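File shown: query-v6.cif (mmCIF, C-alpha atoms (C1' of nucleotides); chains and numbers go by the auth columns).
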data_query
#
loop_
_atom_site.group_PDB
_atom_site.id
_atom_site.type_symbol
_atom_site.label_atom_id
_atom_site.label_comp_id
_atom_site.label_asym_id
_atom_site.label_seq_id
_atom_site.Cartn_x
_atom_site.Cartn_y
_atom_site.Cartn_z
_atom_site.B_iso_or_equiv
_atom_site.auth_seq_id
_atom_site.auth_asym_id
ATOM 1 C CA MET A 1 0.000 0.000 0.000 0.00 1 L
ATOM 2 C CA PRO A 2 2.215 2.710 -1.322 0.00 2 L
ATOM 3 C CA ASP A 3 -0.577 5.276 -1.281 0.00 3 L
ATOM 4 C CA PRO A 4 -3.964 4.504 0.311 0.00 4 L
ATOM 5 C CA ASN A 5 -5.396 7.617 -1.284 0.00 5 L
ATOM 6 C CA ASN A 6 -4.395 6.434 -4.719 0.00 6 L
ATOM 7 C CA PRO A 7 -7.581 5.627 -6.672 0.00 7 L
ATOM 8 C CA ASP A 8 -5.601 4.039 -9.485 0.00 8 L
ATOM 9 C CA PRO A 9 -4.546 0.447 -8.719 0.00 9 L
ATOM 10 C CA SER A 10 -2.350 0.558 -11.790 0.00 10 L
ATOM 11 C CA SER A 11 -0.163 2.979 -9.936 0.00 11 L
ATOM 12 C CA ASP A 12 0.911 0.280 -7.512 0.00 12 L
ATOM 13 C CA SER A 13 4.537 -0.606 -7.455 0.00 13 L
ATOM 14 C CA PHE A 14 5.861 -3.096 -9.933 0.00 14 L
ATOM 15 C CA PHE A 15 6.615 -5.424 -7.057 0.00 15 L
ATOM 16 C CA GLU A 16 3.032 -5.704 -5.885 0.00 16 L
ATOM 17 C CA ARG A 17 1.833 -6.504 -9.379 0.00 17 L
ATOM 18 C CA VAL A 18 4.484 -9.150 -9.817 0.00 18 L
ATOM 19 C CA TRP A 19 3.542 -10.692 -6.509 0.00 19 L
ATOM 20 C CA ALA A 20 -0.108 -10.682 -7.537 0.00 20 L
ATOM 21 C CA VAL A 21 0.639 -12.467 -10.805 0.00 21 L
ATOM 22 C CA VAL A 22 2.966 -15.000 -9.207 0.00 22 L
ATOM 23 C CA ALA A 23 0.449 -15.662 -6.479 0.00 23 L
ATOM 24 C CA GLU A 24 -2.104 -16.501 -9.169 0.00 24 L
ATOM 25 C CA ILE A 25 0.085 -19.105 -10.801 0.00 25 L
ATOM 26 C CA PRO A 26 -1.758 -22.436 -10.590 0.00 26 L
ATOM 27 C CA PRO A 27 0.103 -25.417 -9.129 0.00 27 L
ATOM 28 C CA GLY A 28 1.881 -27.646 -11.578 0.00 28 L
ATOM 29 C CA ARG A 29 2.509 -24.695 -13.863 0.00 29 L
ATOM 30 C CA VAL A 30 5.516 -22.508 -14.434 0.00 30 L
ATOM 31 C CA THR A 31 6.002 -19.109 -15.980 0.00 31 L
ATOM 32 C CA THR A 32 8.944 -16.997 -17.010 0.00 32 L
ATOM 33 C CA TYR A 33 10.161 -13.583 -15.939 0.00 33 L
ATOM 34 C CA GLY A 34 9.789 -12.229 -19.432 0.00 34 L
ATOM 35 C CA ASP A 35 6.160 -13.280 -19.664 0.00 35 L
ATOM 36 C CA ILE A 36 5.333 -11.563 -16.394 0.00 36 L
ATOM 37 C CA ALA A 37 7.230 -8.452 -17.384 0.00 37 L
ATOM 38 C CA ALA A 38 5.613 -8.379 -20.812 0.00 38 L
ATOM 39 C CA TYR A 39 2.218 -8.945 -19.251 0.00 39 L
ATOM 40 C CA LEU A 40 2.754 -5.970 -16.962 0.00 40 L
ATOM 41 C CA GLY A 41 3.699 -3.882 -19.975 0.00 41 L
ATOM 42 C CA ARG A 42 7.443 -3.952 -19.542 0.00 42 L
ATOM 43 C CA ARG A 43 9.130 -6.277 -21.939 0.00 43 L
ATOM 44 C CA GLY A 44 12.662 -5.836 -20.683 0.00 44 L
ATOM 45 C CA ALA A 45 11.733 -5.434 -17.048 0.00 45 L
ATOM 46 C CA ALA A 46 12.358 -9.078 -16.330 0.00 46 L
ATOM 47 C CA ARG A 47 15.107 -8.066 -13.950 0.00 47 L
ATOM 48 C CA THR A 48 12.732 -6.122 -11.776 0.00 48 L
ATOM 49 C CA VAL A 49 10.565 -9.217 -11.576 0.00 49 L
ATOM 50 C CA GLY A 50 13.498 -11.074 -10.109 0.00 50 L
ATOM 51 C CA TRP A 51 14.013 -8.302 -7.584 0.00 51 L
ATOM 52 C CA ALA A 52 10.400 -8.489 -6.585 0.00 52 L
ATOM 53 C CA LEU A 53 10.761 -12.184 -5.941 0.00 53 L
ATOM 54 C CA ASN A 54 13.998 -11.531 -4.118 0.00 54 L
ATOM 55 C CA GLU A 55 12.028 -9.486 -1.629 0.00 55 L
ATOM 56 C CA ALA A 56 9.345 -12.149 -1.708 0.00 56 L
ATOM 57 C CA VAL A 57 11.684 -14.796 -0.308 0.00 57 L
ATOM 58 C CA GLY A 58 10.154 -16.026 2.893 0.00 58 L
ATOM 59 C CA THR A 59 6.639 -15.067 1.927 0.00 59 L
ATOM 60 C CA ASP A 60 3.726 -17.143 0.624 0.00 60 L
ATOM 61 C CA LEU A 61 4.740 -16.454 -2.933 0.00 61 L
ATOM 62 C CA PRO A 62 5.477 -19.611 -4.946 0.00 62 L
ATOM 63 C CA CYS A 63 8.743 -18.256 -6.302 0.00 63 L
ATOM 64 C CA HIS A 64 9.706 -21.788 -7.337 0.00 64 L
ATOM 65 C CA ARG A 65 7.105 -21.605 -10.099 0.00 65 L
ATOM 66 C CA VAL A 66 8.967 -18.778 -11.752 0.00 66 L
ATOM 67 C CA VAL A 67 11.830 -19.827 -13.984 0.00 67 L
ATOM 68 C CA ASN A 68 13.907 -18.186 -16.647 0.00 68 L
ATOM 69 C CA ARG A 69 13.610 -18.487 -20.403 0.00 69 L
ATOM 70 C CA TYR A 70 15.523 -21.750 -20.448 0.00 70 L
ATOM 71 C CA GLY A 71 13.417 -23.241 -17.690 0.00 71 L
ATOM 72 C CA ALA A 72 16.328 -23.180 -15.301 0.00 72 L
ATOM 73 C CA LEU A 73 15.548 -22.750 -11.652 0.00 73 L
ATOM 74 C CA THR A 74 17.300 -19.581 -10.651 0.00 74 L
ATOM 75 C CA GLY A 75 17.018 -17.509 -7.550 0.00 75 L
ATOM 76 C CA ARG A 76 18.329 -16.961 -4.092 0.00 76 L
ATOM 77 C CA ARG A 77 16.130 -19.686 -2.692 0.00 77 L
ATOM 78 C CA HIS A 78 17.508 -22.080 -5.245 0.00 78 L
ATOM 79 C CA PHE A 79 21.037 -20.883 -4.661 0.00 79 L
ATOM 80 C CA GLU A 80 20.878 -21.666 -0.953 0.00 80 L
ATOM 81 C CA THR A 81 18.790 -24.811 -1.108 0.00 81 L
ATOM 82 C CA PRO A 82 18.468 -26.090 -4.701 0.00 82 L
ATOM 83 C CA HIS A 83 16.660 -29.248 -3.676 0.00 83 L
ATOM 84 C CA VAL A 84 13.692 -27.369 -2.266 0.00 84 L
ATOM 85 C CA MET A 85 12.602 -25.882 -5.576 0.00 85 L
ATOM 86 C CA GLU A 86 13.088 -29.049 -7.561 0.00 86 L
ATOM 87 C CA GLU A 87 11.344 -31.227 -5.030 0.00 87 L
ATOM 88 C CA ARG A 88 8.544 -28.711 -4.739 0.00 88 L
ATOM 89 C CA LEU A 89 7.968 -28.587 -8.470 0.00 89 L
ATOM 90 C CA ARG A 90 8.110 -32.348 -8.763 0.00 90 L
ATOM 91 C CA SER A 91 5.654 -32.597 -5.900 0.00 91 L
ATOM 92 C CA GLU A 92 3.274 -30.409 -7.902 0.00 92 L
ATOM 93 C CA GLY A 93 3.577 -32.661 -10.920 0.00 93 L
ATOM 94 C CA VAL A 94 6.070 -30.641 -12.897 0.00 94 L
ATOM 95 C CA THR A 95 8.366 -32.701 -15.066 0.00 95 L
ATOM 96 C CA PHE A 96 11.981 -31.884 -15.748 0.00 96 L
ATOM 97 C CA ALA A 97 13.430 -32.083 -19.215 0.00 97 L
ATOM 98 C CA ASP A 98 16.957 -31.995 -17.850 0.00 98 L
ATOM 99 C CA GLU A 99 18.811 -31.574 -14.597 0.00 99 L
ATOM 100 C CA GLY A 100 17.650 -28.196 -13.342 0.00 100 L
ATOM 101 C CA HIS A 101 15.552 -27.499 -16.416 0.00 101 L
ATOM 102 C CA VAL A 102 11.768 -27.587 -16.297 0.00 102 L
ATOM 103 C CA ASP A 103 9.759 -28.829 -19.245 0.00 103 L
ATOM 104 C CA LEU A 104 8.315 -25.514 -20.373 0.00 104 L
ATOM 105 C CA GLU A 105 6.718 -27.154 -23.379 0.00 105 L
ATOM 106 C CA GLN A 106 4.383 -29.007 -21.080 0.00 106 L
ATOM 107 C CA HIS A 107 3.945 -26.747 -18.081 0.00 107 L
ATOM 108 C CA ARG A 108 4.371 -23.285 -19.527 0.00 108 L
ATOM 109 C CA TRP A 109 1.718 -20.929 -18.180 0.00 109 L
ATOM 110 C CA VAL A 110 1.096 -17.297 -18.967 0.00 110 L
ATOM 111 C CA PRO A 111 -1.084 -14.821 -17.037 0.00 111 L
ATOM 112 C CA GLU A 112 -4.256 -14.443 -19.069 0.00 112 L
ATOM 113 C CA ASP A 113 -6.979 -16.527 -17.409 0.00 113 L
ATOM 114 C CA GLU A 114 -6.820 -14.421 -14.249 0.00 114 L
ATOM 115 C CA LEU A 115 -8.199 -11.447 -16.103 0.00 115 L
ATOM 116 C "C1'" DA B 1 21.957 13.471 -5.884 0.00 1 Q
ATOM 117 C "C1'" DT B 2 24.818 9.498 -8.935 0.00 2 Q
ATOM 118 C "C1'" DC B 3 26.770 4.802 -9.732 0.00 3 Q
ATOM 119 C "C1'" DT B 4 26.645 -0.101 -9.260 0.00 4 Q
ATOM 120 C "C1'" DT B 5 24.452 -4.457 -8.769 0.00 5 Q
ATOM 121 C "C1'" DG B 6 20.719 -7.806 -9.354 0.00 6 Q
ATOM 122 C "C1'" DA B 7 16.558 -14.544 -9.567 0.00 7 Q
ATOM 123 C "C1'" DC B 8 16.483 -11.477 -17.066 0.00 8 Q
ATOM 124 C "C1'" DC B 9 14.931 -10.751 -21.976 0.00 9 Q
ATOM 125 C "C1'" DT B 10 15.224 -9.155 -26.775 0.00 10 Q
ATOM 126 C "C1'" DC B 11 17.492 -7.311 -30.752 0.00 11 Q
ATOM 127 C "C1'" DT B 12 21.217 -7.031 -33.972 0.00 12 Q
ATOM 128 C "C1'" DA B 13 25.737 -8.517 -36.148 0.00 13 Q
ATOM 129 C "C1'" DC C 1 24.623 -21.267 -34.189 0.00 1 N
ATOM 130 C "C1'" DT C 2 27.283 -17.665 -30.788 0.00 2 N
ATOM 131 C "C1'" DA C 3 28.645 -12.951 -29.148 0.00 3 N
ATOM 132 C "C1'" DG C 4 27.796 -8.344 -27.925 0.00 4 N
ATOM 133 C "C1'" DA C 5 24.971 -4.411 -26.521 0.00 5 N
ATOM 134 C "C1'" DG C 6 20.631 -2.164 -24.895 0.00 6 N
ATOM 135 C "C1'" DG C 7 16.811 -1.874 -21.903 0.00 7 N
ATOM 136 C "C1'" DC C 8 13.862 -2.093 -17.893 0.00 8 N
ATOM 137 C "C1'" DC C 9 12.768 -1.109 -12.437 0.00 9 N
ATOM 138 C "C1'" DA C 10 14.311 -0.978 -7.724 0.00 10 N
ATOM 139 C "C1'" DA C 11 17.557 -1.049 -3.721 0.00 11 N
ATOM 140 C "C1'" DG C 12 22.091 -0.272 -1.633 0.00 12 N
ATOM 141 C "C1'" DA C 13 26.613 2.317 -1.135 0.00 13 N
#
Structure translated into structure tokens:
Amino acid sequence: MPDPNNPDPSSDSFFERVWAVVAEIPPGRVTTYGDIAAYLGRRGAARTVGWALNEAVGTDLPCHRVVNRYGALTGRRHFETPHVMEERLRSEGVTFADEGHVDLEQHRWVPEDEL
DNA sequence: ATCTTGACCTCTA
DNA sequence: CTAGAGGCCAAGA
């Protein structure tokens, strides 16, 4: 709540929007930073998405469902405990094409049904 | 106030 | 195919 008097929800910080989108990611699905950024209107703002998730570490946000363009599990959470993300995704039914690479062809999800 | 860094992506050569 | 450069938003020094 950057500004409670702000009547325009679109004026919310990029972070909050990213969190909202990530929070709406259905289980067993994965999305990419670029898709989220593009969905929010910023094509090259994928970095900011990562920052948002960086601040989201320790929250209820399923950051493990967000992967990069190659389907590689990146992130601070993965850097500290790589097994958590992989196990979590596998537990949700996500298949891995390779070691540390999610099968985007089968589980790729983009924010469009939520609106 | 500026400069650098950071879970990235896309374009062009 | 690979390599390089640009861009985006935010936080920290």
Enclosing box along x, y and z for every listed atom of stretch 16-26 of chain L, padded 5 Å each side, centre and size in Å, one decimal, as JSON:
{"center_x": 1.2, "center_y": -14.1, "center_z": -8.3, "size_x": 16.6, "size_y": 26.7, "size_z": 14.9}
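For the atom pair formed by atom CA of L:Val18 and atom CA of L:Arg76, the distance is 16.9 Å, given to one decimal.
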- For the structure provided, state which residues fall under the PyMOL selection byres ((chain L) within 6 of (chain N)), and present them as a ChimeraX atom specification. /L:44-45,48
Rows by chain and residue number, chain Q within 10 Å of chain L, shortest pair, only C-alpha atoms (C1' of nucleotides), as a Markdown table:
| residue | atom | partner | partner_atom | distance |
| --- | --- | --- | --- | --- |
| Q:DG6 | C1' | L:Trp51 | CA | 7.0 |
| Q:DA7 | C1' | L:Gly75 | CA | 3.6 |
| Q:DC8 | C1' | L:Arg47 | CA | 4.8 |
| Q:DC9 | C1' | L:Gly44 | CA | 5.6 |
| Q:DT10 | C1' | L:Gly44 | CA | 7.4 |
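For the pair atom CA of L:Trp19 and atom CA of L:Thr81, the interatomic distance is 21.5 Å.
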